[in-house]
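Engineer: Structure incoming, see below.
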Amino acid sequence: MSERTLVLVKPDGVERGLVGEVIGRIERKGLKLVALELREVGEELAKQHYAEHDGKPFFGSLLEFITSGKVLAAVVEGPRAISAFRQLAGGTDPVDKAAPGSIRGDFGLEVQFNLVHGSDSPESAEREIKLWFPEV
Ligand code: DAT
Ligand code: MG
């Protein structure tokens, strides 16, 4: 059974030229790109995307960061795509949680600058895909 997930290469990943690296890993895993767009993220979209973190101490800096530069947004599809991409990404903290071999484990150092986003559940995926790609 196929499912869809929302993937972002965040401003640090775009700035560092890691878009090709991330897309390459997604494709080599066997997942399919359904939609792909390089875009700037406004305050409103940022707030809605990260709504679950509203009120946490890092919420302000998270919004500032995600709106600080271009983001590559993608809808990715395949069997167990949500877990498959979360595994490719690695844990949230690139040093303590993300294993070497994962995107965050290979390229990240700080939790805020962890390069990629992937939806964490079917409910999140549906909500986030509607938010970023209402036409898909
Ligand atoms: P994930 O991106 O692995 O789903 P999350 O949803 O818990 O992680 O958090 C969203 C983003 O917020 C995360 O990618 C980086 C940032 N973040 C999380 N915890 C943080 C913390 N303790 N300090 C600073 N930024 C944090
Ligand atoms: Mg999350």
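All residue names refer to the structure tokens as shown: chains lettered A, B, ... in order, residues numbered from 1 in each chain, ligands numbered from 1 in order.
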Report as JSON lines the residues of chain A within 8 Å of ligand 1, each with its shortest atom pair and distance in Å (one decimal), using only C-alpha atoms and all ligand atoms, ordered by chain and increasing residue number.
Structural biologist:
{"residue": "A:Tyr50", "atom": "CA", "partner": "ligand 1", "partner_atom_place_in_ligand_line": "10 (C)", "distance": 7.1}
{"residue": "A:Glu52", "atom": "CA", "partner": "ligand 1", "partner_atom_place_in_ligand_line": "6 (O)", "distance": 7.9}
{"residue": "A:His53", "atom": "CA", "partner": "ligand 1", "partner_atom_place_in_ligand_line": "9 (O)", "distance": 7.2}
{"residue": "A:Pro57", "atom": "CA", "partner": "ligand 1", "partner_atom_place_in_ligand_line": "23 (N)", "distance": 7.7}
{"residue": "A:Phe58", "atom": "CA", "partner": "ligand 1", "partner_atom_place_in_ligand_line": "24 (C)", "distance": 5.0}
{"residue": "A:Phe59", "atom": "CA", "partner": "ligand 1", "partner_atom_place_in_ligand_line": "12 (O)", "distance": 7.4}
{"residue": "A:Ser61", "atom": "CA", "partner": "ligand 1", "partner_atom_place_in_ligand_line": "25 (N)", "distance": 7.7}
{"residue": "A:Leu62", "atom": "CA", "partner": "ligand 1", "partner_atom_place_in_ligand_line": "12 (O)", "distance": 6.0}
{"residue": "A:Arg86", "atom": "CA", "partner": "ligand 1", "partner_atom_place_in_ligand_line": "3 (O)", "distance": 7.8}
{"residue": "A:Gly90", "atom": "CA", "partner": "ligand 1", "partner_atom_place_in_ligand_line": "3 (O)", "distance": 7.8}
{"residue": "A:Gly91", "atom": "CA", "partner": "ligand 1", "partner_atom_place_in_ligand_line": "3 (O)", "distance": 5.7}
{"residue": "A:Thr92", "atom": "CA", "partner": "ligand 1", "partner_atom_place_in_ligand_line": "3 (O)", "distance": 3.7}
{"residue": "A:Asp93", "atom": "CA", "partner": "ligand 1", "partner_atom_place_in_ligand_line": "3 (O)", "distance": 7.5}
{"residue": "A:Val111", "atom": "CA", "partner": "ligand 1", "partner_atom_place_in_ligand_line": "15 (C)", "distance": 5.3}
{"residue": "A:Gln112", "atom": "CA", "partner": "ligand 1", "partner_atom_place_in_ligand_line": "25 (N)", "distance": 4.2}
{"residue": "A:Phe113", "atom": "CA", "partner": "ligand 1", "partner_atom_place_in_ligand_line": "15 (C)", "distance": 6.8}
{"residue": "A:Asn114", "atom": "CA", "partner": "ligand 1", "partner_atom_place_in_ligand_line": "14 (O)", "distance": 6.0}
{"residue": "A:Leu115", "atom": "CA", "partner": "ligand 1", "partner_atom_place_in_ligand_line": "14 (O)", "distance": 7.8}
{"residue": "A:Val116", "atom": "CA", "partner": "ligand 1", "partner_atom_place_in_ligand_line": "2 (O)", "distance": 7.1}
{"residue": "A:His117", "atom": "CA", "partner": "ligand 1", "partner_atom_place_in_ligand_line": "2 (O)", "distance": 5.1}
{"residue": "A:Gly118", "atom": "CA", "partner": "ligand 1", "partner_atom_place_in_ligand_line": "4 (O)", "distance": 6.4}
{"residue": "A:Ser119", "atom": "CA", "partner": "ligand 1", "partner_atom_place_in_ligand_line": "4 (O)", "distance": 6.8}
{"residue": "A:Asp120", "atom": "CA", "partner": "ligand 1", "partner_atom_place_in_ligand_line": "4 (O)", "distance": 6.2}
Engineer: For stretch 2-16 of chain A, work out the shell of residues within 7 Å, counting only C-alpha atoms and skipping chain neighbours fewer than 5 positions away, then give it as number ranges by chain.
Structural biologist: A: 66, 68-82, 113, 115-119, 125, 128-129
Engineer: Pull the strand (DSSP E) assignments for stretch 5-111 of chain A out of DSSP run on the backbone, and list those residues as a list in words.
Structural biologist: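 Written out, the strand (DSSP E) residues of stretch 5-111 of chain A are Thr5, Leu6, Val7, Leu8, Val9, Lys32, Leu33, Val34, Ala35, Leu36, Glu37, Leu38, Arg39, Val71, Leu72, Ala73, Ala74, Val75, Val76, Glu77, Gly78 and Pro79 of chain A.
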Engineer: Work out how far apart atom CA of A:Gly108 and atom CA of A:Ile23 are and give it in Å to one decimal.
Structural biologist: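 According to the coordinates, atom CA of A:Gly108 and atom CA of A:Ile23 are separated by 16.5 Å.
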Engineer: Return as an MDAnalysis selection string the full set of residues in chain A whose backbone-based DSSP assignment is helix (DSSP H, G or I).
Structural biologist: chainID A and resid 11:15 19:29 43:49 51:53 59:66 81:89 103:107 122:132
Engineer: Residues at most 6 Å from A:Ala89, counting only C-alpha atoms, excluding those fewer than 3 positions away in the same chain, as a list in words?
Structural biologist: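 Neighbouring residues, sequence-local ones excluded: Arg86, Ser102, Ile103 and Arg104 of chain A.
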Engineer: Next, dump the selected residues to file, keeping only N, CA and C atoms, as a PDB file, in the first residue's frame.
Structural biologist:
ATOM      1  N   ARG A  86      11.463   9.266   7.231  1.00  0.00           N
ATOM      2  CA  ARG A  86      11.955   9.595   8.584  1.00  0.00           C
ATOM      3  C   ARG A  86      13.264   8.839   8.873  1.00  0.00           C
ATOM      4  N   SER A 102      22.435   8.569   7.900  1.00  0.00           N
ATOM      5  CA  SER A 102      21.195   9.322   7.654  1.00  0.00           C
ATOM      6  C   SER A 102      21.557  10.740   7.191  1.00  0.00           C
ATOM      7  N   ILE A 103      20.571  11.448   6.644  1.00  0.00           N
ATOM      8  CA  ILE A 103      20.836  12.803   6.141  1.00  0.00           C
ATOM      9  C   ILE A 103      21.311  13.705   7.290  1.00  0.00           C
ATOM     10  N   ARG A 104      20.557  13.715   8.373  1.00  0.00           N
ATOM     11  CA  ARG A 104      20.950  14.566   9.505  1.00  0.00           C
ATOM     12  C   ARG A 104      22.246  14.067  10.145  1.00  0.00           C
TER      13      ARG A 104
END
Engineer: Env of A:Gln48: 10 Å cut, atoms = only C-alpha atoms, seq-sep filter 6 positions within chain, self excluded. Answer as a PyMOL selection string.
Structural biologist: chain A and resi 54+127-128+131
Engineer: May I have the selected residues written with N, CA and C atoms, as an mmCIF file, in the first residue's frame?
Structural biologist:
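See selection.cif below for the written result:
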data_model
loop_
_atom_site.group_PDB
_atom_site.id
_atom_site.type_symbol
_atom_site.label_atom_id
_atom_site.label_comp_id
_atom_site.auth_asym_id
_atom_site.auth_seq_id
_atom_site.Cartn_x
_atom_site.Cartn_y
_atom_site.Cartn_z
ATOM 1 N N ASP A 54 3.769 25.476 18.703
ATOM 2 C CA ASP A 54 3.414 26.802 19.216
ATOM 3 C C ASP A 54 3.485 26.778 20.739
ATOM 4 N N ARG A 127 -2.405 16.633 6.516
ATOM 5 C CA ARG A 127 -2.529 18.052 6.858
ATOM 6 C C ARG A 127 -1.456 18.881 6.148
ATOM 7 N N GLU A 128 -0.223 18.416 6.185
ATOM 8 C CA GLU A 128 0.899 19.186 5.633
ATOM 9 C C GLU A 128 0.849 19.238 4.103
ATOM 10 N N LEU A 131 -1.568 21.762 3.090
ATOM 11 C CA LEU A 131 -1.063 23.100 3.379
ATOM 12 C C LEU A 131 -0.079 23.576 2.300
#
Engineer: Could you state the separation of atom CA of A:Met1 and atom CA of A:Leu31 in Å, given to one decimal place?
Structural biologist: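 Between atom CA of A:Met1 and atom CA of A:Leu31 the gap is 12.8 Å.
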